[in-house]
Amino acid sequence: MHVSIVPAALLGLAARAAAIDPLVIKGSKFFNSKSGEQFFIKGVDYQPDITSTSQIRDPLADKAGCTRDLPFLKDLGVNAIRVYQTEPFGNHDDCMNMLADAGIYVMLDLSTPTETINRASPAYDADLLGYYQQKIDAFGKYDNTFAFLAGNEVANAANNTDASAFVKAAIRDTKAYIKSQGLSIPVGYATNDDAAIRWQMQTYFDCGSDDERADYYGLNVYEWCGDEATYVTSGYADIVKNYTNWDIPVILTEYGCNAIRPRTFPEVAAIYGNNMTEIFSGGFVYEYVEEDNNYGLVTVKGSSGSKTEDYDNFKKALAAVKPSGVKMSSYKASGKQQDCPKVGTQYDWLASSTLPPTPSNATCECMMKSLSCVAKQTTMPTSTKDLATFGEKVGNIFGTVCGSIDCGDVNTDASNGTYGKYSGCNAVQRVSWVMNAWYLNERRVDGSCDFDGFATTADPSLSSDSSCSDQKDSSSSKGSNSDGSDSQDDSTSGASQSTLRSRLIVEDRALKRCLRQLSTMCTRHARLTPDEAQQASKRVLQEVRWFRHTVQVAAQSQRRDCAESTRYTEQQATLERMISETCSEIERLSDSLEESRNHKRHKIAYDEIAAEANKRPSRARLAAEIDELNSEIEQLEQEAVTHENVTRSLHGQYSTVLEELTKLADMSKSALSVQDLGIYLGDADMHAEKAGSELNLHASADLSPSALQHHDPRDGFETPLDSGMLDDSDAAHESGEHSEDEEGEHSEGEEGEHSEGEEGEHREGEEDEEGEHRGGEEGEEGEDVLGTDVDQGIIGSEEEGECEDEEGELLG
């Protein structure tokens with residue numbers, strides 16, 4: 001039984017190999033590698049929802065979905081499909097073989113929504129390259145896999161064209177990996193046809209060395225709308241003109257406008273007509289499955305499908321075209337390679353021709369071993385939602401730390417062509433480097449390696465990362481483990497479970513294909529004629545050696561897998577031990593958690609106090625204000641001294657006045673009693689105190705020497721006569737003002753007129769009239785100053801008038 005299985009399996013492989021021929025590129029055209037005929041893509045964009053309950057959207061791993069859709073694809077007459085999202089870990093044999101048997105080739109996007117280069121924050125790391133390599137492993141050995149896409153509309157505006165440098169680096173590295181695996185599958189790029197950056201995009205991906213430029217170029221075009229549009233008015237003529245004399249194939253990776261329904265697809269005739277076949281190699285209509293955007297040809301639901309109103313129109317348009325090309329043997333490539341566009345905002349282009357270096361897992365792993373503060377999360381998120389949340393946290397940390405610390409080792413500048421030595425590490429590794437830089441900058445103080453619970457401290461096994469940038473990956477490296485180690489490198493501690501499963505699927509594919517074809521070829525063998533049987537026998541003999549080689553490869557793979565399984569078991573034991581140690585560490589950390597929280601609260605309070613303190617005036621400003629206040633205090637002290645001197649002077653003058661008044665009182669005892677004099681002197685003393693108080697109240701007045709020169713010591717003082725401070729007898733005099741005033745007026749007048757003149761002649765003798773007149777004026781002035789009223793009869797004698805005159809002179 002075992003012997004009979006081998007020929008049947010080999011017959012199946014022979015039939016499978018003959019089902020479809022690989023495609024190759026020469027110059028700007030695709031050719032069938034066996035027949036040499038030029039190949040024009042009559043394709044459709046294919047991305048149906050899978051029928052199984054798996055979360056991975058991989059239609060080529062969904063046998064039920066492929067079985068449902070294949071009759072529609074064959075009926076439409078397409079010879080190629082473009083699949084946007086697949087995964088390297090599923091079994092794609094059923095779908096790929098069914099498509100190959102139907103003569104349908106497959107173009108695959110290497111990226112997925114979570115494994116891609118993000119135009120908003122472009123980066124290209126070892127994880128992404130490893131994922132692309134795994135997908136190449138999963139699909140590279142199918143003959144009908146004719147092309148890979150390293151990016152789809154990554155840059156779609158002038159302000160994010162710097163992302164193109166990272167896409168082009170991915171093209172360079174995937175091309176190198178495909179070549180190292182002995183494969184020959186082209187890698188290209190698909191762009192939106194944005195007029196502002198159209199020329200820059202197409203020249204950028206065609207410039208540079210052969211190992212870094214795209215093998216072909218794809219356009220997503222939706223400009224031809226309705227039957228009234230023409231080759232010229234639709235803009236197709238301008239598109240074709242842009243690629244005249246191009247040196248690589250150009251494909252419409254998406255086309256078809258649905259502004260006018262139903263679609264009749266008039267552009268199909270132009271795409272496969274004489275106007276475009278010299279430049280373009282066909283294209284993919286958008287799309288197979290009807291979705292909310294109303295572009296679909298087939299509506300699918302579960303395991304069934306139905307045609308939309310566009311289905312027959314496209315089928316009819318495609319059947320009507322029969323493009324003619326050239327033979328590969330007679331074709332001579334004459335296209336011209338393009339120069340790279342100029343970089344600058346004035347040129348609407350931000351991507352330098354200097355590309356990011358090939359990312360190295362060994363470099364990133366080495367760097368991680370030197371860190372004392374790392375992210376708690378060791379793997380990248382897998383869902384779109386979790387990835388967005390993770391990206392927001394990482395972005396905030398970068399923004400906070402890199403605002404005060406140089407993060408050049410993990411940052412990139414595609415416009416200037418500068419890339420940090422760790423910029424090729426994944427986001428977890430790069431944010432760990434950033435947090436560690438902050439931790440060291442803060443001198444490892446408690447709480448500086450926290451970042452709201454995102455980070456944790458670690459014990460580095462390397463004292464420095466000085467030698468990390470020289471680390472290189474082995475040729476078999478594909479992706480990285482959570483700690484940054486190579487998942488496919490035999491020098492590492494083992495492969496991850498998902499990567500191991502992927503390798504088993506890829507390397508056991510040939511054996512599975514043999515077994516699958518066995519039953520089919522046994523059924524066919526019963527219907528063979530003798531000649532056909534003889535030819536089949538010859539093919540069997542030719543395939544024996546190949547099968548032996550396959551068996552040997554499978555055996556080697558099995559031994560290698562066993563060794564890896566053993567290492568995996570050892571790694572599992574190590575992980576269990578680490579889990580136990582981690583549990584102990586968690587207990588220890590739990591004890592210090594509250595302390596850390598308290599420290600964090602204290603730090604927040606300190607930051608608030610510091611922020612409030614920063615709002616206060618600076619020390620220099622406060623010092624200036626203090627100096628100014630000291631100057632004012634010194635000036636006030638000087639003024640106080642001056643005021644004290646003035647007060648002392650005024651008191652001295654007041655004492656002199658009192659002495660003079662005492663003398664006057666002695667001279668006028670007949671008019672002023674002792675009791676009146678005591679009252680007078682007491683009131684004068686009270687007014688002196690009042691004058692001193694007023695001086696204190698007016699301390700702000702001008703007390704400069706110049707002002708004091710003109711100061712009248714009498715200012716601010718009142719005599720008892722001025723203030724009306726008389727005794728009760730004075731009031732009695734006032735109460736009889738009508739009788740006494742008249743009497744005083746007559747008697748004083750007469751007495752002053754006669755007796756004063758006589759007495760003046762006898763006493764003064766030689767005194768002239770001028771002195772007499774002055775004495776009269778002084779007496780009147782004395783009356784004004786002292787406020788006396790002789791008419792009230794207070795002073796009625798000549799001697800009393802003379803006292804008043806003398807007192808007026810003193811006060812004057």
# chains A, B, ... in the order shown; residues from 1 in each chain; ligands from 1

$ select_by_dssp --residues "segment 288-436 of chain A" --states "strand (DSSP E or B)" --output "JSON, numbers by chain"
{"A": [289, 298, 299, 300, 301, 304, 305, 306, 307, 327, 336, 344, 349, 373, 374, 375, 412, 413, 418, 419]}

$ residues_around --residues "segment 240-249 of chain A" --least-positions-apart "4" --cutoff "8 Å" --atoms "only C-alpha atoms" --output "PDB file with N, CA, C and O atoms, in the first residue's frame"
ATOM      1  N   ILE A  25       8.606  39.378 -14.581  1.00  0.00           N
ATOM      2  CA  ILE A  25       8.639  40.754 -15.093  1.00  0.00           C
ATOM      3  C   ILE A  25       9.878  40.922 -15.959  1.00  0.00           C
ATOM      4  O   ILE A  25      10.979  40.516 -15.586  1.00  0.00           O
ATOM      5  N   GLY A  27      11.361  44.330 -18.006  1.00  0.00           N
ATOM      6  CA  GLY A  27      11.118  45.732 -18.351  1.00  0.00           C
ATOM      7  C   GLY A  27       9.866  46.251 -17.665  1.00  0.00           C
ATOM      8  O   GLY A  27       9.731  46.196 -16.441  1.00  0.00           O
ATOM      9  N   SER A  28       8.909  46.736 -18.460  1.00  0.00           N
ATOM     10  CA  SER A  28       7.671  47.308 -17.930  1.00  0.00           C
ATOM     11  C   SER A  28       6.475  46.396 -18.142  1.00  0.00           C
ATOM     12  O   SER A  28       5.333  46.858 -18.099  1.00  0.00           O
ATOM     13  N   LYS A  29       6.721  45.082 -18.328  1.00  0.00           N
ATOM     14  CA  LYS A  29       5.620  44.173 -18.660  1.00  0.00           C
ATOM     15  C   LYS A  29       5.727  42.874 -17.869  1.00  0.00           C
ATOM     16  O   LYS A  29       6.809  42.463 -17.447  1.00  0.00           O
ATOM     17  N   PHE A  30       4.562  42.232 -17.671  1.00  0.00           N
ATOM     18  CA  PHE A  30       4.478  40.900 -17.081  1.00  0.00           C
ATOM     19  C   PHE A  30       4.421  39.864 -18.206  1.00  0.00           C
ATOM     20  O   PHE A  30       3.763  40.091 -19.246  1.00  0.00           O
ATOM     21  N   TRP A 199       3.196  63.022  -9.280  1.00  0.00           N
ATOM     22  CA  TRP A 199       4.500  62.860  -9.920  1.00  0.00           C
ATOM     23  C   TRP A 199       5.573  62.505  -8.895  1.00  0.00           C
ATOM     24  O   TRP A 199       6.446  61.661  -9.150  1.00  0.00           O
ATOM     25  N   ASP A 206      10.381  54.758  -8.040  1.00  0.00           N
ATOM     26  CA  ASP A 206      11.130  54.229  -9.180  1.00  0.00           C
ATOM     27  C   ASP A 206      12.593  54.669  -9.152  1.00  0.00           C
ATOM     28  O   ASP A 206      13.395  54.214  -9.967  1.00  0.00           O
ATOM     29  N   ASP A 215       9.254  47.012  -7.718  1.00  0.00           N
ATOM     30  CA  ASP A 215       9.307  46.202  -8.943  1.00  0.00           C
ATOM     31  C   ASP A 215       8.177  46.559  -9.895  1.00  0.00           C
ATOM     32  O   ASP A 215       8.291  46.342 -11.108  1.00  0.00           O
ATOM     33  N   TYR A 216       7.088  47.071  -9.352  1.00  0.00           N
ATOM     34  CA  TYR A 216       5.965  47.530 -10.184  1.00  0.00           C
ATOM     35  C   TYR A 216       5.228  48.602  -9.397  1.00  0.00           C
ATOM     36  O   TYR A 216       5.455  48.798  -8.197  1.00  0.00           O
ATOM     37  N   TYR A 217       4.330  49.309 -10.053  1.00  0.00           N
ATOM     38  CA  TYR A 217       3.655  50.437  -9.426  1.00  0.00           C
ATOM     39  C   TYR A 217       2.162  50.322  -9.673  1.00  0.00           C
ATOM     40  O   TYR A 217       1.727  50.023 -10.789  1.00  0.00           O
ATOM     41  N   TYR A 236      -8.036  59.717 -18.060  1.00  0.00           N
ATOM     42  CA  TYR A 236      -7.196  58.555 -18.306  1.00  0.00           C
ATOM     43  C   TYR A 236      -6.051  58.879 -19.254  1.00  0.00           C
ATOM     44  O   TYR A 236      -4.939  58.344 -19.113  1.00  0.00           O
ATOM     45  N   MET A 276      -3.799  52.047 -23.965  1.00  0.00           N
ATOM     46  CA  MET A 276      -3.193  51.829 -22.662  1.00  0.00           C
ATOM     47  C   MET A 276      -2.335  50.570 -22.562  1.00  0.00           C
ATOM     48  O   MET A 276      -1.494  50.490 -21.655  1.00  0.00           O
ATOM     49  N   ILE A 279       1.406  50.756 -22.141  1.00  0.00           N
ATOM     50  CA  ILE A 279       1.934  51.278 -20.874  1.00  0.00           C
ATOM     51  C   ILE A 279       1.462  50.446 -19.699  1.00  0.00           C
ATOM     52  O   ILE A 279       2.253  50.061 -18.839  1.00  0.00           O
ATOM     53  N   PHE A 280       0.156  50.157 -19.637  1.00  0.00           N
ATOM     54  CA  PHE A 280      -0.444  49.495 -18.480  1.00  0.00           C
ATOM     55  C   PHE A 280      -0.594  47.992 -18.723  1.00  0.00           C
ATOM     56  O   PHE A 280      -0.816  47.550 -19.849  1.00  0.00           O
ATOM     57  N   SER A 281      -0.503  47.248 -17.613  1.00  0.00           N
ATOM     58  CA  SER A 281      -0.620  45.787 -17.681  1.00  0.00           C
ATOM     59  C   SER A 281      -1.962  45.313 -17.142  1.00  0.00           C
ATOM     60  O   SER A 281      -2.072  44.238 -16.559  1.00  0.00           O
ATOM     61  N   ALA A 333      13.371  45.948 -23.403  1.00  0.00           N
ATOM     62  CA  ALA A 333      13.009  47.012 -22.459  1.00  0.00           C
ATOM     63  C   ALA A 333      13.758  48.291 -22.809  1.00  0.00           C
ATOM     64  O   ALA A 333      14.975  48.275 -23.018  1.00  0.00           O
ATOM     65  N   SER A 334      13.032  49.384 -22.885  1.00  0.00           N
ATOM     66  CA  SER A 334      13.644  50.663 -23.264  1.00  0.00           C
ATOM     67  C   SER A 334      13.221  51.801 -22.337  1.00  0.00           C
ATOM     68  O   SER A 334      13.464  52.966 -22.635  1.00  0.00           O
ATOM     69  N   GLY A 335      12.562  51.471 -21.245  1.00  0.00           N
ATOM     70  CA  GLY A 335      12.111  52.524 -20.338  1.00  0.00           C
ATOM     71  C   GLY A 335      13.257  53.200 -19.608  1.00  0.00           C
ATOM     72  O   GLY A 335      14.387  52.697 -19.557  1.00  0.00           O
ATOM     73  N   LYS A 336      12.941  54.345 -19.052  1.00  0.00           N
ATOM     74  CA  LYS A 336      13.949  55.154 -18.360  1.00  0.00           C
ATOM     75  C   LYS A 336      13.627  55.233 -16.879  1.00  0.00           C
ATOM     76  O   LYS A 336      12.500  55.541 -16.499  1.00  0.00           O
ATOM     77  N   GLN A 337      14.653  54.952 -16.053  1.00  0.00           N
ATOM     78  CA  GLN A 337      14.467  55.073 -14.613  1.00  0.00           C
ATOM     79  C   GLN A 337      14.382  56.545 -14.227  1.00  0.00           C
ATOM     80  O   GLN A 337      15.046  57.409 -14.800  1.00  0.00           O
TER      81      GLN A 337
END

$ closest_residue --among "A:Glu278, A:Glu442, A:Asp125, A:Asp45" --to "Tyr295 of chain A" --atoms "only C-alpha atoms"
A:Asp45

$ residues_around --residues "segment 318-330 of chain A" --least-positions-apart "2" --cutoff "9 Å" --atoms "only C-alpha atoms" --output "list of chain:residue names"
A:Lys26, A:Lys29, A:Phe30, A:Phe31, A:Asn32, A:Ser33, A:Ser35, A:Gly36, A:Glu37, A:Gln38, A:Phe39, A:Phe40, A:Lys42, A:Leu76, A:Gly77, A:Val78, A:Phe265, A:Val268, A:Ala269, A:Tyr272, A:Gly273, A:Asn274, A:Thr277, A:Glu278, A:Asn313, A:Phe314, A:Lys315, A:Lys316, A:Lys332

$ select_by_dssp --residues "segment 248-370 of chain A" --states "alpha helix (DSSP H)" --output "ChimeraX atom specification"
/A:267-271,311-319,361-368

$ write_last_selection --atoms "N, CA, C and O atoms" --output "mmCIF file, in the first residue's frame"
data_model
loop_
_atom_site.group_PDB
_atom_site.id
_atom_site.type_symbol
_atom_site.label_atom_id
_atom_site.label_comp_id
_atom_site.auth_asym_id
_atom_site.auth_seq_id
_atom_site.Cartn_x
_atom_site.Cartn_y
_atom_site.Cartn_z
ATOM 1 N N GLU A 267 -14.669 52.027 -19.095
ATOM 2 C CA GLU A 267 -13.212 52.159 -19.030
ATOM 3 C C GLU A 267 -12.503 50.857 -19.343
ATOM 4 O O GLU A 267 -11.311 50.865 -19.675
ATOM 5 N N VAL A 268 -13.189 49.724 -19.237
ATOM 6 C CA VAL A 268 -12.560 48.436 -19.498
ATOM 7 C C VAL A 268 -12.021 48.372 -20.924
ATOM 8 O O VAL A 268 -10.912 47.874 -21.178
ATOM 9 N N ALA A 269 -12.781 48.902 -21.849
ATOM 10 C CA ALA A 269 -12.341 48.895 -23.255
ATOM 11 C C ALA A 269 -11.070 49.700 -23.429
ATOM 12 O O ALA A 269 -10.196 49.343 -24.242
ATOM 13 N N ALA A 270 -10.930 50.801 -22.673
ATOM 14 C CA ALA A 270 -9.731 51.629 -22.785
ATOM 15 C C ALA A 270 -8.536 50.967 -22.096
ATOM 16 O O ALA A 270 -7.411 50.997 -22.609
ATOM 17 N N ILE A 271 -8.776 50.352 -20.956
ATOM 18 C CA ILE A 271 -7.680 49.740 -20.200
ATOM 19 C C ILE A 271 -7.010 48.630 -21.007
ATOM 20 O O ILE A 271 -5.772 48.486 -20.982
ATOM 21 N N TYR A 311 -22.903 43.085 -11.931
ATOM 22 C CA TYR A 311 -22.188 41.844 -12.231
ATOM 23 C C TYR A 311 -22.148 41.565 -13.738
ATOM 24 O O TYR A 311 -21.065 41.390 -14.333
ATOM 25 N N ASP A 312 -23.293 41.471 -14.369
ATOM 26 C CA ASP A 312 -23.346 41.123 -15.786
ATOM 27 C C ASP A 312 -22.711 42.198 -16.660
ATOM 28 O O ASP A 312 -22.129 41.881 -17.710
ATOM 29 N N ASN A 313 -22.814 43.467 -16.238
ATOM 30 C CA ASN A 313 -22.208 44.538 -17.034
ATOM 31 C C ASN A 313 -20.687 44.400 -17.064
ATOM 32 O O ASN A 313 -20.047 44.591 -18.104
ATOM 33 N N PHE A 314 -20.102 44.084 -15.919
ATOM 34 C CA PHE A 314 -18.658 43.899 -15.901
ATOM 35 C C PHE A 314 -18.258 42.642 -16.674
ATOM 36 O O PHE A 314 -17.259 42.654 -17.413
ATOM 37 N N LYS A 315 -19.007 41.575 -16.502
ATOM 38 C CA LYS A 315 -18.707 40.337 -17.231
ATOM 39 C C LYS A 315 -18.736 40.584 -18.739
ATOM 40 O O LYS A 315 -17.836 40.144 -19.473
ATOM 41 N N LYS A 316 -19.725 41.315 -19.195
ATOM 42 C CA LYS A 316 -19.850 41.612 -20.623
ATOM 43 C C LYS A 316 -18.691 42.489 -21.099
ATOM 44 O O LYS A 316 -18.107 42.243 -22.167
ATOM 45 N N ALA A 317 -18.347 43.501 -20.322
ATOM 46 C CA ALA A 317 -17.262 44.401 -20.723
ATOM 47 C C ALA A 317 -15.936 43.659 -20.764
ATOM 48 O O ALA A 317 -15.112 43.881 -21.668
ATOM 49 N N LEU A 318 -15.694 42.769 -19.813
ATOM 50 C CA LEU A 318 -14.429 42.048 -19.768
ATOM 51 C C LEU A 318 -14.331 41.017 -20.897
ATOM 52 O O LEU A 318 -13.239 40.803 -21.459
ATOM 53 N N ALA A 319 -15.443 40.392 -21.217
ATOM 54 C CA ALA A 319 -15.424 39.396 -22.292
ATOM 55 C C ALA A 319 -15.195 40.032 -23.662
ATOM 56 O O ALA A 319 -14.720 39.366 -24.595
ATOM 57 N N ASN A 361 16.530 42.689 15.239
ATOM 58 C CA ASN A 361 16.048 42.193 16.525
ATOM 59 C C ASN A 361 17.182 42.088 17.536
ATOM 60 O O ASN A 361 16.997 42.342 18.728
ATOM 61 N N ALA A 362 18.374 41.675 17.061
ATOM 62 C CA ALA A 362 19.506 41.516 17.972
ATOM 63 C C ALA A 362 19.876 42.850 18.613
ATOM 64 O O ALA A 362 20.188 42.919 19.812
ATOM 65 N N THR A 363 19.837 43.930 17.845
ATOM 66 C CA THR A 363 20.129 45.253 18.386
ATOM 67 C C THR A 363 19.122 45.648 19.451
ATOM 68 O O THR A 363 19.483 46.135 20.526
ATOM 69 N N CYS A 364 17.851 45.419 19.162
ATOM 70 C CA CYS A 364 16.793 45.813 20.096
ATOM 71 C C CYS A 364 16.844 44.968 21.368
ATOM 72 O O CYS A 364 16.642 45.481 22.473
ATOM 73 N N GLU A 365 17.128 43.668 21.220
ATOM 74 C CA GLU A 365 17.232 42.790 22.377
ATOM 75 C C GLU A 365 18.394 43.222 23.265
ATOM 76 O O GLU A 365 18.276 43.253 24.505
ATOM 77 N N CYS A 366 19.500 43.551 22.654
ATOM 78 C CA CYS A 366 20.671 44.002 23.408
ATOM 79 C C CYS A 366 20.351 45.281 24.167
ATOM 80 O O CYS A 366 20.700 45.429 25.340
ATOM 81 N N MET A 367 19.688 46.211 23.514
ATOM 82 C CA MET A 367 19.323 47.469 24.160
ATOM 83 C C MET A 367 18.414 47.223 25.360
ATOM 84 O O MET A 367 18.590 47.819 26.434
ATOM 85 N N MET A 368 17.444 46.331 25.225
ATOM 86 C CA MET A 368 16.512 46.047 26.319
ATOM 87 C C MET A 368 17.240 45.469 27.530
ATOM 88 O O MET A 368 16.848 45.721 28.676
#

$ residues_around --residues "Ala102 of chain A" --least-positions-apart "2" --cutoff "12 Å" --atoms "only C-alpha atoms" --output "mmCIF file with N, CA, C and O atoms, in the first residue's frame"
data_model
loop_
_atom_site.group_PDB
_atom_site.id
_atom_site.type_symbol
_atom_site.label_atom_id
_atom_site.label_comp_id
_atom_site.auth_asym_id
_atom_site.auth_seq_id
_atom_site.Cartn_x
_atom_site.Cartn_y
_atom_site.Cartn_z
ATOM 1 N N ARG A 16 -0.644 19.292 -10.560
ATOM 2 C CA ARG A 16 -0.719 20.583 -9.874
ATOM 3 C C ARG A 16 0.286 21.568 -10.444
ATOM 4 O O ARG A 16 -0.032 22.729 -10.669
ATOM 5 N N ALA A 19 -0.829 23.133 -13.636
ATOM 6 C CA ALA A 19 -2.094 23.860 -13.648
ATOM 7 C C ALA A 19 -1.897 25.334 -13.951
ATOM 8 O O ALA A 19 -2.743 25.955 -14.583
ATOM 9 N N ILE A 20 -0.826 25.947 -13.506
ATOM 10 C CA ILE A 20 -0.623 27.375 -13.713
ATOM 11 C C ILE A 20 0.876 27.658 -13.757
ATOM 12 O O ILE A 20 1.661 27.045 -13.020
ATOM 13 N N CYS A 66 -14.087 30.241 -0.211
ATOM 14 C CA CYS A 66 -13.499 30.073 -1.540
ATOM 15 C C CYS A 66 -14.388 29.178 -2.422
ATOM 16 O O CYS A 66 -14.550 29.428 -3.620
ATOM 17 N N THR A 67 -14.928 28.131 -1.830
ATOM 18 C CA THR A 67 -15.828 27.251 -2.579
ATOM 19 C C THR A 67 -17.066 28.014 -3.049
ATOM 20 O O THR A 67 -17.563 27.790 -4.165
ATOM 21 N N ASP A 69 -17.199 31.334 -3.672
ATOM 22 C CA ASP A 69 -16.889 32.432 -4.578
ATOM 23 C C ASP A 69 -16.240 31.990 -5.884
ATOM 24 O O ASP A 69 -16.300 32.729 -6.880
ATOM 25 N N LEU A 70 -15.590 30.846 -5.907
ATOM 26 C CA LEU A 70 -14.866 30.440 -7.105
ATOM 27 C C LEU A 70 -15.753 30.360 -8.351
ATOM 28 O O LEU A 70 -15.332 30.816 -9.422
ATOM 29 N N PRO A 71 -16.973 29.798 -8.289
ATOM 30 C CA PRO A 71 -17.819 29.790 -9.501
ATOM 31 C C PRO A 71 -18.096 31.190 -10.044
ATOM 32 O O PRO A 71 -18.130 31.396 -11.261
ATOM 33 N N PHE A 72 -18.293 32.174 -9.176
ATOM 34 C CA PHE A 72 -18.517 33.543 -9.636
ATOM 35 C C PHE A 72 -17.270 34.104 -10.325
ATOM 36 O O PHE A 72 -17.356 34.773 -11.353
ATOM 37 N N LEU A 73 -16.105 33.847 -9.732
ATOM 38 C CA LEU A 73 -14.863 34.359 -10.309
ATOM 39 C C LEU A 73 -14.612 33.756 -11.687
ATOM 40 O O LEU A 73 -14.205 34.454 -12.638
ATOM 41 N N LYS A 74 -14.840 32.464 -11.809
ATOM 42 C CA LYS A 74 -14.651 31.810 -13.105
ATOM 43 C C LYS A 74 -15.657 32.325 -14.121
ATOM 44 O O LYS A 74 -15.323 32.545 -15.288
ATOM 45 N N ASP A 75 -16.889 32.539 -13.682
ATOM 46 C CA ASP A 75 -17.925 33.029 -14.600
ATOM 47 C C ASP A 75 -17.627 34.442 -15.077
ATOM 48 O O ASP A 75 -17.909 34.793 -16.229
ATOM 49 N N LEU A 76 -17.082 35.259 -14.219
ATOM 50 C CA LEU A 76 -16.740 36.626 -14.623
ATOM 51 C C LEU A 76 -15.617 36.649 -15.656
ATOM 52 O O LEU A 76 -15.496 37.609 -16.428
ATOM 53 N N GLY A 77 -14.766 35.644 -15.635
ATOM 54 C CA GLY A 77 -13.660 35.598 -16.586
ATOM 55 C C GLY A 77 -12.406 36.282 -16.084
ATOM 56 O O GLY A 77 -11.519 36.611 -16.885
ATOM 57 N N VAL A 78 -12.298 36.460 -14.766
ATOM 58 C CA VAL A 78 -11.096 37.117 -14.238
ATOM 59 C C VAL A 78 -9.946 36.122 -14.184
ATOM 60 O O VAL A 78 -10.151 34.907 -14.072
ATOM 61 N N ASN A 79 -8.727 36.643 -14.282
ATOM 62 C CA ASN A 79 -7.538 35.792 -14.194
ATOM 63 C C ASN A 79 -6.658 36.146 -12.999
ATOM 64 O O ASN A 79 -5.564 35.601 -12.848
ATOM 65 N N ALA A 80 -7.133 37.076 -12.154
ATOM 66 C CA ALA A 80 -6.344 37.473 -10.980
ATOM 67 C C ALA A 80 -7.264 38.122 -9.951
ATOM 68 O O ALA A 80 -8.292 38.717 -10.296
ATOM 69 N N ILE A 81 -6.876 37.991 -8.697
ATOM 70 C CA ILE A 81 -7.552 38.692 -7.612
ATOM 71 C C ILE A 81 -6.502 39.377 -6.751
ATOM 72 O O ILE A 81 -5.360 38.929 -6.663
ATOM 73 N N CYS A 95 -7.737 27.054 -0.760
ATOM 74 C CA CYS A 95 -8.135 28.204 -1.582
ATOM 75 C C CYS A 95 -7.119 28.471 -2.685
ATOM 76 O O CYS A 95 -7.496 28.719 -3.842
ATOM 77 N N MET A 96 -5.821 28.457 -2.353
ATOM 78 C CA MET A 96 -4.806 28.763 -3.356
ATOM 79 C C MET A 96 -4.801 27.722 -4.471
ATOM 80 O O MET A 96 -4.625 28.057 -5.655
ATOM 81 N N ASN A 97 -5.012 26.471 -4.129
ATOM 82 C CA ASN A 97 -5.029 25.431 -5.156
ATOM 83 C C ASN A 97 -6.286 25.509 -6.021
ATOM 84 O O ASN A 97 -6.237 25.287 -7.232
ATOM 85 N N MET A 98 -7.416 25.823 -5.398
ATOM 86 C CA MET A 98 -8.635 25.998 -6.188
ATOM 87 C C MET A 98 -8.489 27.160 -7.169
ATOM 88 O O MET A 98 -8.914 27.066 -8.326
ATOM 89 N N LEU A 99 -7.894 28.228 -6.706
ATOM 90 C CA LEU A 99 -7.681 29.375 -7.588
ATOM 91 C C LEU A 99 -6.698 29.035 -8.706
ATOM 92 O O LEU A 99 -6.883 29.427 -9.867
ATOM 93 N N ALA A 100 -5.636 28.298 -8.363
ATOM 94 C CA ALA A 100 -4.657 27.912 -9.383
ATOM 95 C C ALA A 100 -5.295 27.007 -10.430
ATOM 96 O O ALA A 100 -5.049 27.153 -11.641
ATOM 97 N N ILE A 104 -6.323 31.373 -11.881
ATOM 98 C CA ILE A 104 -6.424 32.682 -11.248
ATOM 99 C C ILE A 104 -5.183 32.935 -10.380
ATOM 100 O O ILE A 104 -4.860 32.134 -9.498
ATOM 101 N N TYR A 105 -4.503 34.042 -10.661
ATOM 102 C CA TYR A 105 -3.332 34.458 -9.892
ATOM 103 C C TYR A 105 -3.766 35.333 -8.714
ATOM 104 O O TYR A 105 -4.880 35.879 -8.693
ATOM 105 N N VAL A 106 -2.849 35.495 -7.750
ATOM 106 C CA VAL A 106 -3.165 36.228 -6.525
ATOM 107 C C VAL A 106 -2.095 37.283 -6.259
ATOM 108 O O VAL A 106 -0.900 36.986 -6.255
ATOM 109 N N ASN A 144 0.802 30.527 -8.109
ATOM 110 C CA ASN A 144 -0.112 31.592 -8.529
ATOM 111 C C ASN A 144 -0.010 32.842 -7.646
ATOM 112 O O ASN A 144 -0.773 33.784 -7.827
#

$ closest_residue --among "A:Glu587, A:Ser121, A:Arg263, A:Val24" --to "Leu183 of chain A" --atoms "only C-alpha atoms"
A:Val24

$ atom_distance --atom1 "atom CA of Asp21 of chain A" --atom2 "atom CA of Gly140 of chain A"
14.0 Å
